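Right, one structure below, let's go through it.
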Amino acid sequence: MDLSIRKVCKRFDGFNALDDVSLDIGSGELIALLGPSGSGKTTLLRLIAGLDLPSGGQIFFAGEDASRRSVQERNIGFVFQSYALFRHMTVLENVGFGLSVRRGPARVPAAEIRRRSLELLDLVQLSGLEKRYPHQLSGGQRQRVALARALAIEPSVLLLDEPFGALDAKVRRELRSWLRDLHDRTGHTTVFVTHDQEEALELADRVVVMSQGRIEQVGTPDEIYDRPVSPFVFSFIGESSSLPVRVEDGQVWFEDRPIGIPAGEVANGAATLYFRPHDVELLHGCGGCLAGTVVSSRRVAGARRIDLSMGAGDVIAEIEVPADHPSLAKGRIAFRPTRWRIFPARADAAPTTGSASSGAALPRLALTGS
Amino acid sequence: MTTAIATAGWRFRKPSVLPGFGLTLGFSIAYLSLIVLIPLAGVVWRSAELGWAQFWSIATDQRTLNALRMSFGGALVAAMVNVVFGTLVAWVLVRYRFPGKRIFDAMVDLPFALPTAVAGIALTSLYAPNGWIGSLLAPLGIKIAYTPLGVVMAMIFIGLPFVVRTVQPVMEEIDREVEEAAATLGARRLQTVRRVLLPGLAPAILTGFALAFARAVGEYGSVIFIAGNIPYVSEIAPLLIVIRLEEYNYAAATAVATVMLAISFLMLLVINLIQAWSRRRFGYGA
């Protein structure tokens, strides 16, 4: 089922938790709501579920306004961060709960509830544990019980709030690929909230990056990572370095010299240059590049990260060099970003992207929001 | 390793780095003995002087039986009423915000703090046939004061705070998300309360029930004013004990007391067993 969120706002005591959010989610999509805490992602999820009511705007389920529908009528599968299992019920009773509360014509016979619950436990690989109580399960198992319980009612949308938040790193990774698998098999429209960008980029068809109650960018993981539309998205997703620069006559200047990067369509004036630490080429001496003094270096897996003190101010840029690079302490390193983005200091102007390989700025993207 | 030790069986004491086990256990035993065990043993000892046949004849005397039935039956009904209304009061106090809530909350404790005689006199003046409430009920043929109904009324009054105060903290800790989960699964409000919330509260409600029941069984001051104390009808066992004492019939008094002790102990034991069972099953406090 497709979902459409139209100009939704949510205010809590004078604080805007969500501000004019619009989003379309296609049927069968796996969507990640990604953002730092307080960005409104959980609020949005709860509004979709009907656990909170929006202060303004509408939410459509398959083209039908759901605003008037109660939580019970929305047929939502919601998995809470704390799992919220019923601890006085066995695993089987937990999974079957949604079916067992149905009354009237929708009533499901006990044998059928049992059959379907066992089937779901099989799906989440918990067969044989149906007689256990939640407190007898590990975190990962509880998580899967919560998921099976949500799936039991055959929800039109599956909503997951920080589904792997409380698990340790190894279980997280396992469950992540398992959830992707499950989604591909069952085809539920799924929305999950996370603050873990790796999780969002790896798992989701599309990622919704949120900040301060607004949507910053919506796009595929590739779009989000390669073409961030705002300084926030660039610095929030992946690793980034930024430098205060100046644009003059189509050239980008750092302090007193041009650094060999075309400014594209960015207007003259102050701007900020963003690049990824690993998207740099090291140069031997230069006219028209960036150079800095090594402040510190550390080994990160197969590479070495170096903090460079740039120019006169205390601006630090981080770059990645091969692990065997002879970067002596206090030595000087010259480099130039191979992929970068320049955002004008004024937030309403258009950013420009570039990469050394293409040699030209990518098509201009307008910043979302006002 | 630690689990291996723990499952190896019951041990007299687990070795701990912190000192104080001997001192605190010794003090607890001495204190419990002086305050609880020795006096209770004294009751049994005194009644043992009677000899079995005489003890049995006092214990099965119709007046004794009726008084015991009034005390335990009344306490049972009162505790059951308190479970319903106490849980409701706790719910209102935990879940809703309204003006005067803190005063309302403090008022729940009044039956704890009030001298029981004051409570008894207040209840009697209200429910007597010429009292505010009694005069309204009298034309309908309902008599509360000076009947077993009055006894139950007083017992409800003094037992209420026990249920409220045991259920309230547990209710405050109910995870809101559990209720929300039930709602997303399609459960109506009543189904959520009945199938999700109440089972979670059951251990606390049971404790509250046990406390309210025990208090009502032993209640004397507030009950005797409203009861009318008609032998065979509205006479409670504690009053019968006092009557026997005033007759200098100490043996008979302790015999009734011993029967009360035995019944109370049995009931509390059963309630505790139910508690332990539910703890084991649902892992509360584990």
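Naming scheme: A, B, ... for chains in displayed order of the structure tokens; residues 1 onward per chain; ligands 1 onward as shown.
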
Chain A residues near chain B (6 Å cut-off, only C-alpha atoms) as a PyMOL selection string: chain A and resi 71-72+76+84+88+98+101

Helix (DSSP H, G or I) positions in region 218-289 of chain A, given as a list in words: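 Selecting the helix (DSSP H, G or I) positions of region 218-289 of chain A gives Pro221, Asp222, Glu223, Ile224, Tyr225, Asp226, Pro231, Phe232, Val233, Phe234, Ser235 and Phe236 of chain A.
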
So that I have them on file, write out the residues from the current selection with N, CA and C atoms, as a short mmCIF file (atom, residue, chain, number, x, y, z; two decimals), in the first residue's frame.
data_model
loop_
_atom_site.label_atom_id
_atom_site.label_comp_id
_atom_site.auth_asym_id
_atom_site.auth_seq_id
_atom_site.Cartn_x
_atom_site.Cartn_y
_atom_site.Cartn_z
N PRO A 221 20.25 5.57 -1.61
CA PRO A 221 21.51 5.67 -0.87
C PRO A 221 22.62 6.31 -1.71
N ASP A 222 22.67 5.99 -3.01
CA ASP A 222 23.68 6.59 -3.87
C ASP A 222 23.52 8.10 -3.96
N GLU A 223 22.28 8.53 -4.18
CA GLU A 223 22.04 9.98 -4.29
C GLU A 223 22.41 10.69 -3.00
N ILE A 224 22.02 10.08 -1.88
CA ILE A 224 22.28 10.71 -0.59
C ILE A 224 23.77 10.82 -0.35
N TYR A 225 24.49 9.77 -0.70
CA TYR A 225 25.92 9.76 -0.38
C TYR A 225 26.70 10.60 -1.39
N ASP A 226 26.36 10.47 -2.68
CA ASP A 226 27.17 11.12 -3.70
C ASP A 226 26.73 12.55 -4.00
N PRO A 231 24.68 21.30 3.29
CA PRO A 231 25.83 21.07 4.19
C PRO A 231 25.49 20.05 5.28
N PHE A 232 24.22 20.11 5.78
CA PHE A 232 23.85 19.17 6.84
C PHE A 232 23.96 17.74 6.36
N VAL A 233 23.39 17.46 5.18
CA VAL A 233 23.41 16.08 4.68
C VAL A 233 24.85 15.65 4.42
N PHE A 234 25.63 16.57 3.84
CA PHE A 234 27.02 16.21 3.55
C PHE A 234 27.77 15.83 4.82
N SER A 235 27.61 16.62 5.86
CA SER A 235 28.38 16.33 7.07
C SER A 235 27.76 15.22 7.89
N PHE A 236 26.44 15.01 7.75
CA PHE A 236 25.80 13.96 8.56
C PHE A 236 26.04 12.58 7.96
#

Selection: 8 Å around Ser240 (chain A), only C-alpha atoms, excl. self and same-chain fewer than 5 positions, as a PyMOL selection string: chain A and resi 234-235+274-277+318

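The two atoms in question, CA of Gly141 (chain B) and CA of Ile230 (chain B), are spaced 19.3 Å apart.
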
All residues 12 Å or closer to Pro115 (chain B), only C-alpha atoms, same chain fewer than 6 positions away omitted, as a PyMOL selection string: chain B and resi 121-122+158+219-222

For N, CA and C atoms, I'd like the residues from the last selection saved as a PDB file, in the first residue's frame.
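This is the output file selection.pdb:
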ATOM      1  N   ILE B 121     -16.537   6.327  64.544  1.00  0.00           N
ATOM      2  CA  ILE B 121     -17.596   7.255  64.943  1.00  0.00           C
ATOM      3  C   ILE B 121     -18.122   8.010  63.728  1.00  0.00           C
ATOM      4  N   ALA B 122     -17.188   8.435  62.848  1.00  0.00           N
ATOM      5  CA  ALA B 122     -17.590   9.175  61.653  1.00  0.00           C
ATOM      6  C   ALA B 122     -18.500   8.311  60.780  1.00  0.00           C
ATOM      7  N   ILE B 158     -10.930   1.152  55.975  1.00  0.00           N
ATOM      8  CA  ILE B 158      -9.541   1.098  56.470  1.00  0.00           C
ATOM      9  C   ILE B 158      -8.613   0.325  55.523  1.00  0.00           C
ATOM     10  N   GLU B 219      -8.888  -5.587  62.275  1.00  0.00           N
ATOM     11  CA  GLU B 219      -9.437  -4.279  62.626  1.00  0.00           C
ATOM     12  C   GLU B 219     -10.404  -4.389  63.805  1.00  0.00           C
ATOM     13  N   TYR B 220     -10.285  -3.405  64.716  1.00  0.00           N
ATOM     14  CA  TYR B 220     -11.117  -3.433  65.904  1.00  0.00           C
ATOM     15  C   TYR B 220     -11.810  -2.090  66.093  1.00  0.00           C
ATOM     16  N   GLY B 221     -10.998  -1.060  66.228  1.00  0.00           N
ATOM     17  CA  GLY B 221     -11.496   0.261  66.631  1.00  0.00           C
ATOM     18  C   GLY B 221     -12.633   0.794  65.795  1.00  0.00           C
ATOM     19  N   SER B 222     -12.446   0.833  64.460  1.00  0.00           N
ATOM     20  CA  SER B 222     -13.473   1.468  63.639  1.00  0.00           C
ATOM     21  C   SER B 222     -14.700   0.567  63.508  1.00  0.00           C
TER      22      SER B 222
END
